[in-house]
Amino acid sequence: NATFRFILARFGYDRLKQYWTDIGTNYYKPVSTNWKRAGLAAVAGYWRAFFAPEPGAEVEVTTTADEVRLEVKTCPLIKHLRDHQREIVPCICQHCYFVSEAIAAPAGMTVRVSGGNGRCTQRFVLSSKDEPAQQLSDIKEATA
């Protein structure tokens, strides 16, 4: 949140989006490689393992033949920031889309996010499925 705020204030929104994309492309490259190799089962396994130790997280991960769906009922990041009375960067929920899309694309997948502000749905789908483009307006701004 603090890093995002700094980049946004210093360099602007476009550079912040690029930062998120770079994280997904570079830092998470091993995750992307695994998703490409092992498919949607690896996506579901990754997110279950990711959220399991997160304090306060309430996330349901479900799978179908062509989709992994995360139903985030309590986002641990937003909960932490609120619990500690931190100012939240309003566009913080968009980072889930930009980072995850950069991980998913090389693996032959795409992600769609809706909701936000502590509760959202994230869908990881095979790129071969005709999926409408992500609308950033579908991702709510976060508030304290």
# chains A, B, ... in the order shown; residues from 1 in each chain; ligands from 1

$ residues_around --residues "Ser137 of chain A" --least-positions-apart "3" --cutoff "10 Å" --atoms "only C-alpha atoms" --output "list in words"
Gln94, Ser114, Gly115, Gln134, Lys140 and Glu141 of chain A

$ write_last_selection --atoms "N, CA and C atoms" --output "PDB file, in the first residue's frame"
ATOM      1  N   GLN A  94      -7.061  -2.960  -7.924  1.00  0.00           N
ATOM      2  CA  GLN A  94      -6.667  -3.222  -9.307  1.00  0.00           C
ATOM      3  C   GLN A  94      -5.356  -3.992  -9.389  1.00  0.00           C
ATOM      4  N   SER A 114     -13.956  -8.777 -10.380  1.00  0.00           N
ATOM      5  CA  SER A 114     -15.113  -7.913 -10.145  1.00  0.00           C
ATOM      6  C   SER A 114     -15.288  -7.752  -8.644  1.00  0.00           C
ATOM      7  N   GLY A 115     -15.882  -6.639  -8.273  1.00  0.00           N
ATOM      8  CA  GLY A 115     -16.011  -6.324  -6.851  1.00  0.00           C
ATOM      9  C   GLY A 115     -14.794  -5.548  -6.396  1.00  0.00           C
ATOM     10  N   GLN A 134     -11.311  -7.202 -19.544  1.00  0.00           N
ATOM     11  CA  GLN A 134     -11.499  -6.683 -18.191  1.00  0.00           C
ATOM     12  C   GLN A 134     -11.865  -5.213 -18.260  1.00  0.00           C
ATOM     13  N   LYS A 140     -14.029  -2.170  -7.805  1.00  0.00           N
ATOM     14  CA  LYS A 140     -14.367  -1.036  -6.943  1.00  0.00           C
ATOM     15  C   LYS A 140     -13.132  -0.443  -6.293  1.00  0.00           C
ATOM     16  N   GLU A 141     -13.179   0.844  -6.045  1.00  0.00           N
ATOM     17  CA  GLU A 141     -12.116   1.486  -5.288  1.00  0.00           C
ATOM     18  C   GLU A 141     -12.251   1.094  -3.819  1.00  0.00           C
TER      19      GLU A 141
END

$ closest_atom_pairs --of "segment 67-101 of chain A" --to "segment 45-50 of chain A" --cutoff "10 Å" --atoms "only C-alpha atoms" --output "Markdown table"
| residue | atom | partner | partner_atom | distance |
| --- | --- | --- | --- | --- |
| A:Val68 | CA | A:Trp47 | CA | 9.5 |
| A:Arg69 | CA | A:Trp47 | CA | 9.8 |
| A:Leu70 | CA | A:Trp47 | CA | 8.1 |

$ write_last_selection --atoms "N, CA, C and O atoms" --output "PDB file, in the first residue's frame"
ATOM      1  N   VAL A  68     -10.900 -21.345 -12.639  1.00  0.00           N
ATOM      2  CA  VAL A  68     -10.698 -21.341 -11.193  1.00  0.00           C
ATOM      3  C   VAL A  68     -11.288 -20.030 -10.701  1.00  0.00           C
ATOM      4  O   VAL A  68     -10.986 -18.970 -11.237  1.00  0.00           O
ATOM      5  N   ARG A  69     -12.130 -20.121  -9.678  1.00  0.00           N
ATOM      6  CA  ARG A  69     -12.812 -18.935  -9.158  1.00  0.00           C
ATOM      7  C   ARG A  69     -12.433 -18.730  -7.697  1.00  0.00           C
ATOM      8  O   ARG A  69     -12.514 -19.651  -6.897  1.00  0.00           O
ATOM      9  N   LEU A  70     -12.002 -17.509  -7.402  1.00  0.00           N
ATOM     10  CA  LEU A  70     -11.752 -17.117  -6.024  1.00  0.00           C
ATOM     11  C   LEU A  70     -12.902 -16.223  -5.590  1.00  0.00           C
ATOM     12  O   LEU A  70     -13.159 -15.197  -6.221  1.00  0.00           O
TER      13      LEU A  70
END

$ residues_around --residues "Val99 of chain A" --least-positions-apart "4" --cutoff "8 Å" --atoms "only C-alpha atoms" --output "short mmCIF file (atom, residue, chain, number, x, y, z; two decimals) with all heavy atoms, in the first residue's frame"
data_model
loop_
_atom_site.label_atom_id
_atom_site.label_comp_id
_atom_site.auth_asym_id
_atom_site.auth_seq_id
_atom_site.Cartn_x
_atom_site.Cartn_y
_atom_site.Cartn_z
N TRP A 20 2.91 -3.07 -11.32
CA TRP A 20 2.15 -4.28 -11.02
C TRP A 20 2.38 -5.35 -12.09
O TRP A 20 2.57 -6.52 -11.77
CB TRP A 20 0.67 -3.96 -10.90
CG TRP A 20 0.29 -3.17 -9.69
CD1 TRP A 20 0.92 -3.15 -8.48
CD2 TRP A 20 -0.81 -2.29 -9.57
NE1 TRP A 20 0.26 -2.31 -7.61
CE2 TRP A 20 -0.81 -1.76 -8.26
CE3 TRP A 20 -1.82 -1.87 -10.44
CZ2 TRP A 20 -1.78 -0.87 -7.79
CZ3 TRP A 20 -2.77 -0.98 -9.97
CH2 TRP A 20 -2.75 -0.49 -8.67
N THR A 21 2.35 -4.94 -13.35
CA THR A 21 2.58 -5.89 -14.44
C THR A 21 3.98 -6.47 -14.36
O THR A 21 4.17 -7.69 -14.55
CB THR A 21 2.33 -5.20 -15.79
OG1 THR A 21 0.97 -4.75 -15.83
CG2 THR A 21 2.60 -6.13 -16.96
N ASP A 22 4.96 -5.64 -14.06
CA ASP A 22 6.34 -6.13 -13.94
C ASP A 22 6.49 -7.14 -12.81
O ASP A 22 7.22 -8.12 -12.93
CB ASP A 22 7.31 -4.96 -13.72
CG ASP A 22 7.48 -4.09 -14.96
OD1 ASP A 22 7.06 -4.51 -16.06
OD2 ASP A 22 8.03 -2.98 -14.81
N ILE A 23 5.80 -6.92 -11.70
CA ILE A 23 5.83 -7.88 -10.60
C ILE A 23 5.31 -9.23 -11.09
O ILE A 23 5.93 -10.28 -10.86
CB ILE A 23 4.99 -7.39 -9.40
CG1 ILE A 23 5.67 -6.21 -8.71
CG2 ILE A 23 4.76 -8.53 -8.39
CD1 ILE A 23 4.80 -5.54 -7.66
N GLY A 24 4.16 -9.22 -11.75
CA GLY A 24 3.59 -10.46 -12.25
C GLY A 24 4.47 -11.15 -13.28
O GLY A 24 4.62 -12.37 -13.26
N THR A 25 5.06 -10.36 -14.15
CA THR A 25 5.90 -10.91 -15.23
C THR A 25 7.22 -11.45 -14.71
O THR A 25 7.66 -12.54 -15.12
CB THR A 25 6.16 -9.83 -16.29
OG1 THR A 25 4.91 -9.37 -16.80
CG2 THR A 25 7.04 -10.36 -17.41
N HIS A 95 -4.55 -3.94 -8.33
CA HIS A 95 -3.28 -4.66 -8.39
C HIS A 95 -3.51 -6.15 -8.57
O HIS A 95 -2.73 -6.83 -9.23
CB HIS A 95 -2.39 -4.34 -7.18
CG HIS A 95 -2.46 -5.29 -6.05
ND1 HIS A 95 -3.44 -5.25 -5.10
CD2 HIS A 95 -1.65 -6.32 -5.73
CE1 HIS A 95 -3.24 -6.21 -4.22
NE2 HIS A 95 -2.16 -6.87 -4.58
N ILE A 103 0.78 -12.89 -14.63
CA ILE A 103 1.15 -14.27 -14.31
C ILE A 103 0.41 -15.22 -15.25
O ILE A 103 0.99 -16.17 -15.79
CB ILE A 103 0.80 -14.62 -12.85
CG1 ILE A 103 1.53 -13.74 -11.85
CG2 ILE A 103 1.10 -16.09 -12.56
CD1 ILE A 103 1.03 -13.86 -10.42
#

$ residues_around --residues "Glu67 of chain A" --least-positions-apart "3" --cutoff "10 Å" --atoms "only C-alpha atoms" --output "PyMOL selection string"
chain A and resi 40-41+43-44+62-64+70+109-111+123-126+129

$ write_last_selection --atoms "N, CA, C and O atoms" --output "PDB file, in the first residue's frame"
ATOM      1  N   LEU A  40      -4.963 -25.504 -14.667  1.00  0.00           N
ATOM      2  CA  LEU A  40      -5.844 -24.878 -13.689  1.00  0.00           C
ATOM      3  C   LEU A  40      -5.722 -25.503 -12.294  1.00  0.00           C
ATOM      4  O   LEU A  40      -5.930 -24.817 -11.299  1.00  0.00           O
ATOM      5  N   ALA A  41      -5.372 -26.777 -12.229  1.00  0.00           N
ATOM      6  CA  ALA A  41      -5.171 -27.401 -10.915  1.00  0.00           C
ATOM      7  C   ALA A  41      -4.059 -26.686 -10.152  1.00  0.00           C
ATOM      8  O   ALA A  41      -4.148 -26.500  -8.931  1.00  0.00           O
ATOM      9  N   VAL A  43      -3.272 -23.528 -10.532  1.00  0.00           N
ATOM     10  CA  VAL A  43      -3.813 -22.222 -10.151  1.00  0.00           C
ATOM     11  C   VAL A  43      -4.583 -22.361  -8.834  1.00  0.00           C
ATOM     12  O   VAL A  43      -4.366 -21.608  -7.877  1.00  0.00           O
ATOM     13  N   ALA A  44      -5.473 -23.342  -8.774  1.00  0.00           N
ATOM     14  CA  ALA A  44      -6.263 -23.558  -7.561  1.00  0.00           C
ATOM     15  C   ALA A  44      -5.362 -23.884  -6.376  1.00  0.00           C
ATOM     16  O   ALA A  44      -5.537 -23.327  -5.284  1.00  0.00           O
ATOM     17  N   THR A  62     -12.828 -22.438  -6.008  1.00  0.00           N
ATOM     18  CA  THR A  62     -13.551 -23.517  -6.681  1.00  0.00           C
ATOM     19  C   THR A  62     -13.005 -23.682  -8.094  1.00  0.00           C
ATOM     20  O   THR A  62     -12.470 -22.741  -8.682  1.00  0.00           O
ATOM     21  N   THR A  63     -13.162 -24.883  -8.617  1.00  0.00           N
ATOM     22  CA  THR A  63     -12.657 -25.164  -9.962  1.00  0.00           C
ATOM     23  C   THR A  63     -13.737 -25.827 -10.804  1.00  0.00           C
ATOM     24  O   THR A  63     -14.596 -26.547 -10.300  1.00  0.00           O
ATOM     25  N   THR A  64     -13.659 -25.549 -12.104  1.00  0.00           N
ATOM     26  CA  THR A  64     -14.441 -26.258 -13.110  1.00  0.00           C
ATOM     27  C   THR A  64     -13.448 -26.683 -14.187  1.00  0.00           C
ATOM     28  O   THR A  64     -12.240 -26.458 -14.049  1.00  0.00           O
ATOM     29  N   LEU A  70     -12.002 -17.509  -7.402  1.00  0.00           N
ATOM     30  CA  LEU A  70     -11.752 -17.117  -6.024  1.00  0.00           C
ATOM     31  C   LEU A  70     -12.902 -16.223  -5.590  1.00  0.00           C
ATOM     32  O   LEU A  70     -13.159 -15.197  -6.221  1.00  0.00           O
ATOM     33  N   MET A 109      -3.718 -18.284 -19.952  1.00  0.00           N
ATOM     34  CA  MET A 109      -4.930 -17.982 -19.188  1.00  0.00           C
ATOM     35  C   MET A 109      -5.128 -16.477 -19.132  1.00  0.00           C
ATOM     36  O   MET A 109      -4.251 -15.711 -19.490  1.00  0.00           O
ATOM     37  N   THR A 110      -6.288 -16.094 -18.660  1.00  0.00           N
ATOM     38  CA  THR A 110      -6.571 -14.698 -18.389  1.00  0.00           C
ATOM     39  C   THR A 110      -7.317 -14.629 -17.069  1.00  0.00           C
ATOM     40  O   THR A 110      -7.809 -15.648 -16.580  1.00  0.00           O
ATOM     41  N   VAL A 111      -7.394 -13.455 -16.495  1.00  0.00           N
ATOM     42  CA  VAL A 111      -8.096 -13.277 -15.222  1.00  0.00           C
ATOM     43  C   VAL A 111      -9.094 -12.148 -15.357  1.00  0.00           C
ATOM     44  O   VAL A 111      -8.849 -11.181 -16.091  1.00  0.00           O
ATOM     45  N   ARG A 123     -11.637 -14.598 -11.413  1.00  0.00           N
ATOM     46  CA  ARG A 123     -11.828 -15.772 -12.262  1.00  0.00           C
ATOM     47  C   ARG A 123     -10.609 -15.961 -13.144  1.00  0.00           C
ATOM     48  O   ARG A 123     -10.263 -15.076 -13.913  1.00  0.00           O
ATOM     49  N   PHE A 124      -9.990 -17.113 -13.054  1.00  0.00           N
ATOM     50  CA  PHE A 124      -8.853 -17.485 -13.892  1.00  0.00           C
ATOM     51  C   PHE A 124      -9.387 -18.458 -14.924  1.00  0.00           C
ATOM     52  O   PHE A 124      -9.839 -19.556 -14.584  1.00  0.00           O
ATOM     53  N   VAL A 125      -9.363 -18.037 -16.197  1.00  0.00           N
ATOM     54  CA  VAL A 125      -9.960 -18.842 -17.264  1.00  0.00           C
ATOM     55  C   VAL A 125      -8.929 -19.083 -18.365  1.00  0.00           C
ATOM     56  O   VAL A 125      -8.001 -18.297 -18.563  1.00  0.00           O
ATOM     57  N   LEU A 126      -9.131 -20.181 -19.077  1.00  0.00           N
ATOM     58  CA  LEU A 126      -8.259 -20.487 -20.209  1.00  0.00           C
ATOM     59  C   LEU A 126      -8.449 -19.423 -21.280  1.00  0.00           C
ATOM     60  O   LEU A 126      -9.569 -18.990 -21.547  1.00  0.00           O
ATOM     61  N   LYS A 129     -11.086 -19.629 -24.045  1.00  0.00           N
ATOM     62  CA  LYS A 129     -12.490 -19.285 -23.774  1.00  0.00           C
ATOM     63  C   LYS A 129     -12.697 -17.834 -24.191  1.00  0.00           C
ATOM     64  O   LYS A 129     -11.889 -16.972 -23.875  1.00  0.00           O
TER      65      LYS A 129
END

$ closest_residue --among "A:Phe4, A:Cys120, A:Pro90, A:Leu136" --to "Gln18 of chain A" --atoms "only C-alpha atoms"
A:Phe4

$ select_by_dssp --residues "segment 34-118 of chain A" --states "strand (DSSP E or B)" --output "MDAnalysis selection string"
chainID A and resid 58:63 67:74 109:116

$ closest_residue --among "A:Ala144, A:Val113, A:Ala102, A:Ser32" --to "Lys79 of chain A" --atoms "only C-alpha atoms"
A:Ala144

$ residues_around --residues "Ala2 of chain A" --least-positions-apart "5" --cutoff "12 Å" --atoms "only C-alpha atoms" --output "mmCIF file with N, CA, C and O atoms, in the first residue's frame"
data_model
loop_
_atom_site.group_PDB
_atom_site.id
_atom_site.type_symbol
_atom_site.label_atom_id
_atom_site.label_comp_id
_atom_site.auth_asym_id
_atom_site.auth_seq_id
_atom_site.Cartn_x
_atom_site.Cartn_y
_atom_site.Cartn_z
ATOM 1 N N ILE A 7 4.621 5.283 -5.614
ATOM 2 C CA ILE A 7 4.739 5.232 -7.074
ATOM 3 C C ILE A 7 3.644 6.082 -7.719
ATOM 4 O O ILE A 7 3.912 6.836 -8.660
ATOM 5 N N LEU A 8 2.437 5.959 -7.222
ATOM 6 C CA LEU A 8 1.322 6.733 -7.766
ATOM 7 C C LEU A 8 1.586 8.233 -7.645
ATOM 8 O O LEU A 8 1.425 8.977 -8.624
ATOM 9 N N ALA A 9 2.022 8.682 -6.480
ATOM 10 C CA ALA A 9 2.263 10.119 -6.260
ATOM 11 C C ALA A 9 3.457 10.621 -7.056
ATOM 12 O O ALA A 9 3.445 11.721 -7.593
ATOM 13 N N LEU A 81 -5.135 -3.346 6.579
ATOM 14 C CA LEU A 81 -5.034 -1.890 6.476
ATOM 15 C C LEU A 81 -6.123 -1.207 7.297
ATOM 16 O O LEU A 81 -5.858 -0.217 7.986
ATOM 17 N N ARG A 86 -4.933 2.414 8.432
ATOM 18 C CA ARG A 86 -4.053 2.938 7.387
ATOM 19 C C ARG A 86 -4.882 3.567 6.280
ATOM 20 O O ARG A 86 -5.972 3.083 5.951
ATOM 21 N N GLU A 87 -4.360 4.612 5.698
ATOM 22 C CA GLU A 87 -4.983 5.198 4.514
ATOM 23 C C GLU A 87 -4.773 4.226 3.357
ATOM 24 O O GLU A 87 -3.654 3.774 3.114
ATOM 25 N N ILE A 88 -5.846 3.892 2.670
ATOM 26 C CA ILE A 88 -5.781 2.898 1.595
ATOM 27 C C ILE A 88 -5.747 3.599 0.247
ATOM 28 O O ILE A 88 -6.570 4.480 -0.016
ATOM 29 N N VAL A 89 -4.804 3.215 -0.604
ATOM 30 C CA VAL A 89 -4.767 3.725 -1.973
ATOM 31 C C VAL A 89 -6.056 3.258 -2.657
ATOM 32 O O VAL A 89 -6.315 2.044 -2.706
ATOM 33 N N PRO A 90 -6.879 4.157 -3.153
ATOM 34 C CA PRO A 90 -8.187 3.766 -3.698
ATOM 35 C C PRO A 90 -8.125 2.691 -4.791
ATOM 36 O O PRO A 90 -8.991 1.826 -4.851
ATOM 37 N N ILE A 92 -6.075 0.234 -5.072
ATOM 38 C CA ILE A 92 -5.287 -0.923 -4.630
ATOM 39 C C ILE A 92 -5.858 -2.254 -5.130
ATOM 40 O O ILE A 92 -5.101 -3.174 -5.423
#

$ closest_residue --among "A:Thr143, A:Ser128, A:Asn117, A:Ser100" --to "Pro76 of chain A" --atoms "only C-alpha atoms"
A:Asn117

$ atom_distance --atom1 "atom CA of Ala42 of chain A" --atom2 "atom CA of Asp66 of chain A"
12.7 Å

$ atom_distance --atom1 "atom CA of Pro132 of chain A" --atom2 "atom CA of Cys75 of chain A"
24.9 Å

$ closest_residue --among "A:Cys91, A:Tyr97, A:Leu77, A:Asp130" --to "Gly12 of chain A" --atoms "only C-alpha atoms"
A:Cys91

$ select_by_dssp --residues "chain A" --states "helix (DSSP H, G or I)" --output "PyMOL selection string"
chain A and resi 2-11+13-27+29-38+40-51+76-83+90-107+136-138

$ closest_residue --among "A:Lys29, A:Arg119, A:Lys73, A:His80" --to "Pro106 of chain A" --atoms "only C-alpha atoms"
A:Lys29

$ atom_distance --atom1 "atom CA of Gln122 of chain A" --atom2 "atom CA of Tyr13 of chain A"
22.0 Å

$ residues_around --residues "Ala107 of chain A" --least-positions-apart "4" --cutoff "9 Å" --atoms "only C-alpha atoms" --output "list in words"
Ser32, Thr33, Asn34, Trp35, Lys36, Arg37, Gly39, Ile103, Leu126 and Ser127 of chain A

$ residues_around --residues "Glu71 of chain A" --least-positions-apart "4" --cutoff "6 Å" --atoms "only C-alpha atoms" --output "list in words"
Val59, Glu60 and Thr121 of chain A
